[in-house]
>>> print(open('entry04.txt').read())   # compact mmCIF, C-alpha atoms
# COMPACT_ATOMS: atom_id res chain seq x y z
CA MET A 1 42.34 10.82 -20.22
CA ASP A 2 39.37 13.03 -21.05
CA LYS A 3 37.58 13.48 -17.72
CA SER A 4 34.21 14.36 -19.27
CA LYS A 5 34.18 11.00 -21.10
CA VAL A 6 34.75 9.15 -17.85
CA ILE A 7 31.79 10.95 -16.25
CA ASP A 8 29.63 10.20 -19.31
CA ALA A 9 30.57 6.53 -19.13
CA GLN A 10 29.64 6.43 -15.44
CA GLU A 11 26.29 8.04 -16.20
CA PHE A 12 25.63 5.50 -18.94
CA PHE A 13 26.49 2.73 -16.55
CA THR A 14 24.10 4.11 -13.92
CA VAL A 15 21.29 4.55 -16.44
CA ASP A 16 21.85 1.06 -17.82
CA ALA A 17 21.92 -0.43 -14.34
CA GLU A 18 18.80 1.50 -13.40
CA LEU A 19 16.91 0.29 -16.47
CA GLU A 20 17.84 -3.26 -15.56
CA TRP A 21 16.71 -2.79 -11.95
CA ILE A 22 13.40 -1.37 -13.14
CA ALA A 23 12.85 -4.24 -15.58
CA ARG A 24 13.69 -6.81 -12.91
CA ALA A 25 11.56 -5.07 -10.27
CA LYS A 26 8.65 -5.18 -12.71
CA GLN A 27 9.11 -8.97 -12.79
CA GLY A 28 8.89 -9.06 -8.99
CA ASP A 29 12.62 -9.08 -8.20
CA GLN A 30 12.91 -7.61 -4.69
CA GLN A 31 16.69 -7.40 -4.84
CA ALA A 32 16.51 -5.16 -7.89
CA PHE A 33 13.85 -3.12 -6.14
CA HIS A 34 16.18 -2.77 -3.17
CA CYS A 35 18.83 -1.33 -5.52
CA LEU A 36 16.30 1.27 -6.69
CA TYR A 37 15.51 2.02 -3.05
CA GLU A 38 19.21 2.43 -2.21
CA ASN A 39 19.63 4.78 -5.13
CA TYR A 40 16.63 6.99 -4.45
CA HIS A 41 15.46 6.83 -0.86
CA ARG A 42 17.61 9.74 0.37
CA ARG A 43 16.24 12.02 -2.35
CA ILE A 44 12.67 10.95 -1.66
CA TYR A 45 13.20 11.33 2.07
CA SER A 46 14.51 14.89 1.64
CA LEU A 47 11.44 15.72 -0.44
CA CYS A 48 9.17 14.27 2.27
CA TRP A 49 11.07 16.08 5.06
CA ARG A 50 10.88 19.45 3.35
CA MET A 51 7.22 19.12 2.42
CA LEU A 52 6.05 17.71 5.75
CA ALA A 53 8.44 19.52 8.11
CA ASP A 54 8.27 16.54 10.42
CA LYS A 55 10.92 13.86 10.65
CA GLU A 56 8.75 10.95 11.76
CA SER A 57 6.04 11.63 9.21
CA ALA A 58 8.73 11.99 6.55
CA GLU A 59 10.10 8.56 7.42
CA ASP A 60 6.66 6.96 7.40
CA VAL A 61 5.65 8.60 4.13
CA CYS A 62 8.99 7.72 2.53
CA GLN A 63 8.25 4.07 3.36
CA GLU A 64 4.75 4.42 1.94
CA VAL A 65 6.21 5.86 -1.29
CA PHE A 66 8.37 2.77 -1.81
CA VAL A 67 5.59 0.34 -0.90
CA GLN A 68 3.34 2.06 -3.43
CA LEU A 69 6.20 2.18 -5.93
CA TRP A 70 6.42 -1.62 -5.74
CA GLN A 71 2.75 -1.80 -6.70
CA LYS A 72 2.92 0.91 -9.35
CA ILE A 73 6.26 0.22 -10.99
CA ASN A 74 4.56 -1.42 -13.96
CA ASP A 75 2.93 1.95 -14.69
CA PHE A 76 6.35 3.38 -15.49
CA ARG A 77 6.56 3.32 -19.27
CA GLY A 78 9.89 5.10 -19.68
CA GLU A 79 8.31 8.18 -21.25
CA SER A 80 10.16 10.38 -18.76
CA LYS A 81 13.21 9.84 -16.58
CA PHE A 82 12.55 7.38 -13.79
CA SER A 83 13.64 9.95 -11.19
CA THR A 84 11.14 12.50 -12.55
CA TRP A 85 8.34 9.94 -12.50
CA LEU A 86 9.27 8.75 -9.01
CA HIS A 87 9.35 12.32 -7.67
CA SER A 88 5.88 12.98 -9.06
CA VAL A 89 4.58 9.74 -7.48
CA ALA A 90 6.20 10.75 -4.18
CA THR A 91 4.87 14.31 -4.32
CA ASN A 92 1.33 13.05 -4.82
CA ILE A 93 1.66 10.64 -1.90
CA VAL A 94 2.97 13.40 0.37
CA LEU A 95 0.13 15.71 -0.63
CA GLY A 96 -2.37 12.90 -0.06
CA HIS A 97 -0.86 12.37 3.40
CA LEU A 98 -1.17 16.07 4.22
CA ARG A 99 -4.80 16.12 3.08
CA LYS A 100 -5.61 13.08 5.22
CA HIS A 101 -3.98 14.48 8.33
CA LYS A 102 -5.45 17.96 8.25
CA ASN A 103 -7.69 18.41 11.23
CA TRP A 104 -11.37 19.24 10.83
CA LEU A 105 -10.86 22.89 11.87
CA GLN A 106 -8.33 23.42 9.11
CA ARG A 107 -10.59 21.68 6.58
CA VAL A 108 -13.73 23.63 7.48
CA PHE A 109 -12.17 27.07 7.75
CA SER A 110 -9.26 26.55 5.30
CA ILE A 111 -6.87 27.96 7.83
CA GLU A 112 -3.19 27.27 7.89
CA ASP A 113 -1.20 25.95 10.72
CA HIS A 114 1.03 28.91 11.51
CA THR A 115 2.39 27.49 14.68
CA VAL A 116 5.24 25.26 13.78
CA LYS A 117 5.80 22.68 16.47
CA ASP A 118 9.10 22.58 18.27
CA ILE A 119 11.36 20.73 15.90
CA SER A 120 14.58 22.38 17.01
CA VAL A 121 15.99 19.05 18.18
CA GLU A 122 15.13 17.38 14.89
CA MET A 123 16.60 20.33 12.96
CA GLU A 124 20.02 20.43 14.59
CA GLU A 125 21.69 18.73 11.67
CA LEU A 126 19.88 20.63 8.94
CA PRO A 127 21.42 23.34 6.74
CA GLU A 128 20.37 26.91 7.71
CA LEU A 129 18.03 27.31 4.74
CA ASP A 130 16.23 24.06 5.53
CA LYS A 131 15.65 25.27 9.08
CA HIS A 132 14.00 28.41 7.67
CA ILE A 133 11.94 26.41 5.16
CA MET A 134 10.55 24.37 8.05
CA ARG A 135 9.33 27.57 9.69
CA LEU A 136 7.29 28.66 6.66
CA PRO A 137 3.48 28.40 6.77
CA GLU A 138 2.37 25.14 5.16
CA ARG A 139 1.13 26.35 1.78
CA ALA A 140 4.01 28.76 1.29
CA ARG A 141 6.42 25.98 2.23
CA LEU A 142 4.87 23.47 -0.17
CA VAL A 143 4.91 25.91 -3.08
CA PHE A 144 8.47 27.00 -2.32
CA VAL A 145 9.79 23.43 -2.07
CA LEU A 146 7.99 22.32 -5.22
CA PHE A 147 9.00 25.38 -7.26
CA ALA A 148 12.45 26.35 -6.02
CA VAL A 149 13.82 23.01 -4.85
CA GLU A 150 12.01 20.42 -6.97
CA GLY A 151 11.73 22.52 -10.12
CA TYR A 152 8.00 22.20 -10.83
CA ARG A 153 6.21 24.96 -12.80
CA HIS A 154 3.51 27.06 -11.13
CA GLU A 155 0.89 25.51 -13.43
CA GLU A 156 1.85 22.03 -12.22
CA ILE A 157 1.96 23.13 -8.58
CA ALA A 158 -1.44 24.82 -8.87
CA ASN A 159 -2.83 21.61 -10.32
CA MET A 160 -1.30 19.43 -7.59
CA LEU A 161 -2.36 21.68 -4.73
CA GLY A 162 -5.79 22.53 -6.15
CA MET A 163 -5.19 26.28 -6.25
CA ALA A 164 -5.07 28.98 -8.90
CA VAL A 165 -1.78 29.61 -10.70
CA GLY A 166 -1.82 33.15 -9.29
CA SER A 167 -2.12 31.79 -5.76
CA SER A 168 0.86 29.52 -6.32
CA LYS A 169 2.91 32.50 -7.48
CA ALA A 170 1.70 34.61 -4.55
CA GLN A 171 2.62 31.88 -2.07
CA TYR A 172 6.04 31.56 -3.65
CA HIS A 173 6.69 35.30 -3.32
CA ARG A 174 5.45 35.19 0.25
CA ALA A 175 7.84 32.34 1.06
CA LYS A 176 10.70 34.02 -0.77
CA GLY A 177 10.10 37.29 1.11
CA LEU A 178 10.09 35.57 4.48
CA LEU A 179 13.19 33.52 3.67
CA GLN A 180 15.05 36.60 2.45
CA GLN A 181 14.34 38.26 5.78
CA TRP A 182 15.36 35.22 7.80
CA VAL A 183 18.58 34.37 5.94
CA THR A 184 19.98 37.82 6.62
CA LEU A 185 19.16 37.92 10.33
CA MET B 186 21.89 44.15 4.43
CA ASN B 187 19.91 45.40 1.41
CA THR B 188 17.31 43.52 -0.65
CA GLN B 189 19.78 42.62 -3.37
CA ASP B 190 22.13 41.08 -0.83
CA SER B 191 19.40 39.08 0.83
CA LYS B 192 18.23 37.81 -2.59
CA GLU B 193 21.76 36.70 -3.39
CA THR B 194 22.21 35.06 -0.01
CA LEU B 195 18.99 33.13 -0.51
CA GLN B 196 20.04 32.08 -4.03
CA GLN B 197 23.41 30.92 -2.76
CA GLN B 198 21.91 28.91 0.08
CA LEU B 199 19.32 27.46 -2.29
CA ALA B 200 22.04 26.34 -4.70
CA GLN B 201 23.89 24.65 -1.84
CA LEU B 202 20.85 22.86 -0.49
CA PRO B 203 21.58 19.12 -0.36
CA LYS B 204 19.51 17.01 -2.74
CA GLU B 205 19.69 14.06 -0.38
CA MET B 206 19.14 13.48 3.32
CA ALA B 207 19.57 10.24 5.19
CA PRO B 208 16.68 9.09 7.36
CA GLU B 209 17.63 8.35 10.94
CA ARG B 210 15.55 5.18 11.05
CA GLU B 211 16.28 2.18 8.83
CA LEU B 212 13.33 2.22 6.43
CA TRP B 213 14.00 -0.80 4.25
CA PRO B 214 12.96 -3.60 6.70
CA GLY B 215 9.44 -2.15 6.94
CA ILE B 216 9.19 -1.74 3.18
CA GLU B 217 10.52 -5.26 2.59
CA LYS B 218 8.00 -6.71 5.02
CA ALA B 219 5.12 -4.88 3.34
CA ILE B 220 6.08 -5.90 -0.18
CA GLN B 221 6.73 -9.51 0.85
CA TYR B 222 3.29 -9.62 2.44
CA LYS B 223 1.74 -8.32 -0.77
CA SER B 224 3.70 -10.80 -2.87
CA GLN B 225 2.59 -13.68 -0.63
CA ILE B 226 -1.03 -12.65 -0.99
CA SER B 227 -0.86 -12.49 -4.78
CA THR B 228 0.92 -15.87 -4.84
CA SER B 229 -1.75 -17.47 -2.68
CA VAL B 230 -4.44 -16.01 -4.95
CA ASN B 231 -2.59 -17.44 -7.97
CA THR B 232 -2.17 -20.93 -6.56
CA ASN B 233 -5.67 -21.43 -5.25
CA LYS B 234 -7.32 -22.56 -8.49
CA PRO B 235 -9.93 -25.31 -8.47
CA VAL B 236 -8.94 -28.87 -9.38
CA ILE B 237 -10.97 -30.63 -12.06
CA PRO B 238 -12.24 -34.02 -10.90
CA MET B 239 -11.21 -36.79 -13.32
CA ALA B 240 -13.07 -39.84 -11.99
CA TRP B 241 -16.27 -40.10 -14.01
CA ALA B 242 -17.11 -38.92 -17.51
CA ALA B 243 -20.42 -37.45 -16.42
CA SER B 244 -18.95 -35.52 -13.53
CA LEU B 245 -16.13 -34.36 -15.82
CA VAL B 246 -18.61 -32.39 -17.93
CA ALA B 247 -20.15 -30.87 -14.83
CA ALA B 248 -16.71 -30.15 -13.41
CA VAL B 249 -15.56 -28.42 -16.62
CA LEU B 250 -18.62 -26.22 -16.54
CA LEU B 251 -18.14 -25.54 -12.86
CA THR B 252 -14.43 -24.82 -13.30
CA TRP B 253 -15.17 -22.44 -16.18
CA GLY B 254 -17.63 -20.60 -13.99
CA VAL B 255 -15.11 -20.27 -11.16
CA ILE B 256 -11.86 -19.65 -13.06
CA LYS B 257 -13.18 -16.96 -15.39
CA PRO B 258 -14.13 -14.49 -12.70
CA GLN B 259 -10.87 -15.28 -10.86
CA GLN B 260 -8.83 -14.56 -13.97
CA GLU B 261 -10.74 -11.35 -14.56
CA GLN B 262 -9.99 -10.43 -11.01
CA LEU B 263 -6.31 -11.24 -11.44
CA ASN B 264 -6.11 -9.09 -14.56
CA ALA B 265 -7.53 -6.14 -12.67
CA PRO B 266 -5.17 -4.38 -10.23
CA ILE B 267 -5.80 -6.08 -6.89
CA SER B 268 -5.99 -3.78 -3.91
CA LEU B 269 -4.30 -4.66 -0.67
CA VAL B 270 -7.58 -4.46 1.24
CA SER B 271 -9.41 -6.89 -1.04
CA ALA B 272 -6.39 -9.21 -1.06
CA MET B 273 -6.40 -9.19 2.76
CA GLN B 274 -10.15 -9.82 2.80
CA GLN B 275 -9.82 -12.73 0.35
CA ASP B 276 -6.98 -14.23 2.33
CA PHE B 277 -8.89 -13.87 5.58
CA GLU B 278 -12.10 -15.41 4.16
CA GLN B 279 -10.07 -18.31 2.80
CA GLN B 280 -8.40 -18.94 6.14
CA LYS B 281 -11.69 -18.66 7.98
CA ASN B 282 -13.47 -21.06 5.62
CA THR B 283 -10.62 -23.56 5.78
CA MET B 284 -10.69 -23.39 9.56
CA LEU B 285 -14.48 -23.84 9.73
CA VAL B 286 -14.33 -26.76 7.29
CA SER B 287 -11.63 -28.41 9.42
CA PHE B 288 -13.96 -28.09 12.44
CA GLY B 289 -16.82 -29.71 10.49
CA GLN B 290 -18.68 -26.49 9.52
CA PRO B 291 -20.09 -25.80 13.01
CA LYS B 292 -23.13 -23.56 13.39
CA LEU B 293 -22.01 -20.31 14.98
CA SER B 294 -25.57 -19.76 16.19
CA ALA B 295 -25.22 -22.83 18.43
CA LEU B 296 -22.52 -21.13 20.50
CA PRO B 297 -23.28 -19.68 23.95
CA LEU B 298 -24.62 -16.11 23.74
CA GLU B 299 -21.52 -14.56 25.30
CA MET B 300 -19.28 -16.10 22.63
CA GLN B 301 -21.66 -15.13 19.84
CA LYS B 302 -21.51 -11.59 21.21
CA GLN B 303 -17.71 -11.58 21.11
CA LEU B 304 -17.71 -12.83 17.53
CA ALA B 305 -20.35 -10.27 16.53
CA GLU B 306 -18.29 -7.46 18.07
CA LEU B 307 -15.21 -8.50 16.14
CA LEU B 308 -17.25 -8.80 12.96
CA SER B 309 -18.74 -5.36 13.41
CA ALA B 310 -15.29 -3.86 14.15
CA ARG B 311 -13.91 -5.50 11.03
CA GLN B 312 -16.78 -4.18 8.91
CA ALA B 313 -16.28 -0.64 10.27
CA ILE B 314 -12.56 -0.77 9.43
CA GLU B 315 -13.29 -2.13 5.94
CA LYS B 316 -15.77 0.71 5.44
CA ALA B 317 -13.15 3.28 6.51
CA LEU B 318 -10.65 1.66 4.14
CA VAL B 319 -12.95 2.31 1.19
CA ASP B 320 -12.23 6.04 1.64
CA ASP B 321 -8.61 5.57 2.54
CA PRO B 322 -7.36 2.27 1.06
CA ASN B 323 -3.65 2.92 1.72
CA SER B 324 -3.80 3.94 5.35
CA SER B 325 -1.20 1.80 7.07
CA ASP B 326 -2.87 2.33 10.47
CA LEU B 327 -6.24 1.05 9.22
CA LEU B 328 -4.59 -1.87 7.41
CA ASN B 329 -2.78 -2.85 10.60
CA ILE B 330 -5.99 -2.69 12.64
CA LEU B 331 -7.80 -4.73 9.99
CA ARG B 332 -5.09 -7.38 10.08
CA TRP B 333 -5.19 -7.44 13.87
CA THR B 334 -9.00 -7.77 13.92
CA GLN B 335 -8.94 -10.58 11.35
CA LYS B 336 -6.30 -12.38 13.42
CA GLN B 337 -8.40 -12.01 16.59
CA GLU B 338 -11.46 -13.42 14.82
CA LEU B 339 -9.51 -16.44 13.57
CA GLU B 340 -7.99 -17.04 16.98
CA LEU B 341 -11.37 -16.86 18.66
CA ILE B 342 -12.86 -19.39 16.24
CA LYS B 343 -9.85 -21.61 16.80
CA GLN B 344 -10.25 -21.40 20.59
CA LEU B 345 -13.98 -22.08 20.41
CA TYR B 346 -13.80 -25.16 18.20
CA SER B 347 -10.38 -26.72 18.78
CA PRO B 348 -11.04 -30.29 20.03
CA GLN B 349 -8.90 -29.83 23.11
CA TRP B 350 -10.73 -32.61 24.94
CA GLN B 351 -9.33 -35.18 22.48
CA THR B 352 -5.84 -34.61 23.82
CA ILE B 353 -6.82 -35.41 27.39
>>> encode(input="entry04.txt", output="structure tokens")
Amino acid sequence: MDKSKVIDAQEFFTVDAELEWIARAKQGDQQAFHCLYENYHRRIYSLCWRMLADKESAEDVCQEVFVQLWQKINDFRGESKFSTWLHSVATNIVLGHLRKHKNWLQRVFSIEDHTVKDISVEMEELPELDKHIMRLPERARLVFVLFAVEGYRHEEIANMLGMAVGSSKAQYHRAKGLLQQWVTL
Amino acid sequence: MNTQDSKETLQQQLAQLPKEMAPERELWPGIEKAIQYKSQISTSVNTNKPVIPMAWAASLVAAVLLTWGVIKPQQEQLNAPISLVSAMQQDFEQQKNTMLVSFGQPKLSALPLEMQKQLAELLSARQAIEKALVDDPNSSDLLNILRWTQKQELELIKQLYSPQWQTI
């Protein structure tokens, strides 16, 4: 049997099932929505974890993403892949969360939080690179995760983070430089 | 290790980065609770439409006019995306009005000063939370405090006016 055809058939099945879940969730079917949650929550959680560098916040924000998804699912028109749309919804919610929880000192002086809190216990299970990503300064981390892990373009990142395209590129190079040093230690 | 090696190491680790991570805490029950609460609110908004009185021809005309005046804004409201805060406020006002009607629409100003003060404090807390929610309508902390404050206000009214003496 041609293996590639089997994989294609499985993909079709998943896409078909997903379209049905979306349609049913739009009608208010919570069971279908639960299927979408089961399919995507680990991916959304990893995005939240990497962007927030805090396990508890990541769990809370991941929940918020799905609660808001329930309200916004009718906005999904199928113009892009559902996963792409969901990731952009989630990214915006995470960024909104970060903006809300910045303290007044950081807001007024636009300073970054360089001191990463002790998350060594939380990070035990993480791959080496993730542990290094968590140590990056906030803006460098956000740009790196969005560009290198999530695949956004610098123009999109600049737009999301309210910075110049050049700054996004500079933050990416900063993050990359630091990570290159750390991975070889 | 030279720069080229460290670049390659980073690329390799990046390629192996897992796309998925499992949260430690079970997240679905909280999500389910939140979406069920929202669904309940929209259902209660949908089912609370006015009933047209059918008894007399004259009152029918008045009732039709009255119903038109009430339903139209409600439908407009239903067509617009309803926010959780306004849904909670509507639900709370409905519960409060129903409760006050069941107690014979008592005058709150006739209560002892201490009780009026308690009610006023809860009202002012609720208004402050609602004001904060205007800036941050999706804050789960604020929504929880709002729900708690609304519940306290309802419980206080219930305590103040429940005809407990009738059961003696």
>>> interface_residues(input="entry04.txt", of="chain A", to="chain B", cutoff="6 Å", atoms="all atoms listed in the file", output="short mmCIF file (atom, residue, chain, number, x, y, z; two decimals) with C-alpha atoms, in the coordinates of the input")
data_model
loop_
_atom_site.label_atom_id
_atom_site.label_comp_id
_atom_site.auth_asym_id
_atom_site.auth_seq_id
_atom_site.Cartn_x
_atom_site.Cartn_y
_atom_site.Cartn_z
CA ARG A 42 17.61 9.74 0.37
CA ARG A 43 16.24 12.02 -2.35
CA SER A 46 14.51 14.89 1.64
CA GLN A 63 8.25 4.07 3.36
CA VAL A 67 5.59 0.34 -0.90
CA GLN A 180 15.05 36.60 2.45
CA THR A 184 19.98 37.82 6.62
#
>>> residues_around(input="entry04.txt", residues="range 84-92 of chain A", least_positions_apart="2", cutoff="8 Å", atoms="only C-alpha atoms", output="count of residues only")
14
>>> atom_distance(input="entry04.txt", atom1="CA of Val143 in chain A", atom2="CA of Pro127 in chain A")
19.4 Å
>>> atom_distance(input="entry04.txt", atom1="CA of Leu304 in chain B", atom2="CA of Tyr222 in chain B")
26.1 Å
>>> closest_residue(input="entry04.txt", among="A:Phe33, A:Trp70, A:Trp182, A:Tyr172", to="Glu128 in chain A", atoms="all atoms listed in the file")
A:Trp182
>>> atom_distance(input="entry04.txt", atom1="CA of Ile93 in chain A", atom2="CA of Ala310 in chain B")
27.5 Å
>>> decode(input="entry04.txt", residues="range 317-345 of chain B", atoms="N, CA and C atoms", output="mmCIF file, in the first residue's frame")
data_model
loop_
_atom_site.group_PDB
_atom_site.id
_atom_site.type_symbol
_atom_site.label_atom_id
_atom_site.label_comp_id
_atom_site.auth_asym_id
_atom_site.auth_seq_id
_atom_site.Cartn_x
_atom_site.Cartn_y
_atom_site.Cartn_z
ATOM 1 N N ALA B 317 -14.262 49.558 36.212
ATOM 2 C CA ALA B 317 -12.960 48.954 35.865
ATOM 3 C C ALA B 317 -13.112 47.986 34.700
ATOM 4 N N LEU B 318 -14.287 47.332 34.633
ATOM 5 C CA LEU B 318 -14.508 46.361 33.553
ATOM 6 C C LEU B 318 -14.681 47.021 32.186
ATOM 7 N N VAL B 319 -15.022 48.301 32.185
ATOM 8 C CA VAL B 319 -15.135 49.023 30.912
ATOM 9 C C VAL B 319 -13.775 49.022 30.216
ATOM 10 N N ASP B 320 -12.702 49.215 31.010
ATOM 11 C CA ASP B 320 -11.346 49.230 30.442
ATOM 12 C C ASP B 320 -10.829 47.832 30.160
ATOM 13 N N ASP B 321 -11.332 46.887 30.946
ATOM 14 C CA ASP B 321 -10.760 45.541 30.856
ATOM 15 C C ASP B 321 -11.885 44.507 30.933
ATOM 16 N N PRO B 322 -12.725 44.439 29.858
ATOM 17 C CA PRO B 322 -13.952 43.640 29.941
ATOM 18 C C PRO B 322 -13.746 42.135 30.077
ATOM 19 N N ASN B 323 -12.538 41.635 29.818
ATOM 20 C CA ASN B 323 -12.351 40.178 29.873
ATOM 21 C C ASN B 323 -11.543 39.704 31.078
ATOM 22 N N SER B 324 -11.322 40.618 32.017
ATOM 23 C CA SER B 324 -10.530 40.224 33.185
ATOM 24 C C SER B 324 -11.320 39.245 34.045
ATOM 25 N N SER B 325 -10.806 38.034 34.159
ATOM 26 C CA SER B 325 -11.549 37.019 34.910
ATOM 27 C C SER B 325 -11.620 37.375 36.396
ATOM 28 N N ASP B 326 -10.572 38.039 36.902
ATOM 29 C CA ASP B 326 -10.582 38.433 38.321
ATOM 30 C C ASP B 326 -11.719 39.423 38.586
ATOM 31 N N LEU B 327 -11.800 40.456 37.717
ATOM 32 C CA LEU B 327 -12.849 41.474 37.910
ATOM 33 C C LEU B 327 -14.240 40.861 37.743
ATOM 34 N N LEU B 328 -14.372 39.959 36.763
ATOM 35 C CA LEU B 328 -15.678 39.322 36.542
ATOM 36 C C LEU B 328 -16.089 38.499 37.759
ATOM 37 N N ASN B 329 -15.113 37.823 38.349
ATOM 38 C CA ASN B 329 -15.416 37.025 39.546
ATOM 39 C C ASN B 329 -15.833 37.913 40.710
ATOM 40 N N ILE B 330 -15.128 39.052 40.873
ATOM 41 C CA ILE B 330 -15.482 39.963 41.976
ATOM 42 C C ILE B 330 -16.871 40.556 41.728
ATOM 43 N N LEU B 331 -17.137 40.876 40.455
ATOM 44 C CA LEU B 331 -18.459 41.442 40.133
ATOM 45 C C LEU B 331 -19.559 40.434 40.488
ATOM 46 N N ARG B 332 -19.340 39.176 40.095
ATOM 47 C CA ARG B 332 -20.338 38.149 40.379
ATOM 48 C C ARG B 332 -20.526 37.993 41.892
ATOM 49 N N TRP B 333 -19.412 38.014 42.606
ATOM 50 C CA TRP B 333 -19.477 37.866 44.059
ATOM 51 C C TRP B 333 -20.243 39.032 44.684
ATOM 52 N N THR B 334 -19.971 40.257 44.212
ATOM 53 C CA THR B 334 -20.635 41.447 44.760
ATOM 54 C C THR B 334 -22.136 41.414 44.466
ATOM 55 N N GLN B 335 -22.472 41.014 43.239
ATOM 56 C CA GLN B 335 -23.899 40.922 42.879
ATOM 57 C C GLN B 335 -24.609 39.910 43.786
ATOM 58 N N LYS B 336 -23.926 38.799 44.018
ATOM 59 C CA LYS B 336 -24.501 37.735 44.856
ATOM 60 C C LYS B 336 -24.726 38.249 46.282
ATOM 61 N N GLN B 337 -23.732 38.991 46.799
ATOM 62 C CA GLN B 337 -23.846 39.538 48.153
ATOM 63 C C GLN B 337 -25.031 40.491 48.254
ATOM 64 N N GLU B 338 -25.199 41.324 47.209
ATOM 65 C CA GLU B 338 -26.289 42.302 47.214
ATOM 66 C C GLU B 338 -27.643 41.579 47.228
ATOM 67 N N LEU B 339 -27.752 40.539 46.411
ATOM 68 C CA LEU B 339 -29.006 39.777 46.366
ATOM 69 C C LEU B 339 -29.271 39.087 47.703
ATOM 70 N N GLU B 340 -28.226 38.541 48.284
ATOM 71 C CA GLU B 340 -28.399 37.835 49.556
ATOM 72 C C GLU B 340 -28.810 38.792 50.677
ATOM 73 N N LEU B 341 -28.226 39.995 50.629
ATOM 74 C CA LEU B 341 -28.570 40.979 51.650
ATOM 75 C C LEU B 341 -30.039 41.386 51.528
ATOM 76 N N ILE B 342 -30.482 41.628 50.300
ATOM 77 C CA ILE B 342 -31.887 41.998 50.083
ATOM 78 C C ILE B 342 -32.803 40.864 50.572
ATOM 79 N N LYS B 343 -32.384 39.660 50.243
ATOM 80 C CA LYS B 343 -33.176 38.490 50.641
ATOM 81 C C LYS B 343 -33.277 38.412 52.172
ATOM 82 N N GLN B 344 -32.154 38.617 52.843
ATOM 83 C CA GLN B 344 -32.132 38.566 54.312
ATOM 84 C C GLN B 344 -33.008 39.658 54.917
ATOM 85 N N LEU B 345 -32.933 40.859 54.287
ATOM 86 C CA LEU B 345 -33.655 42.002 54.854
ATOM 87 C C LEU B 345 -35.160 41.843 54.737
#
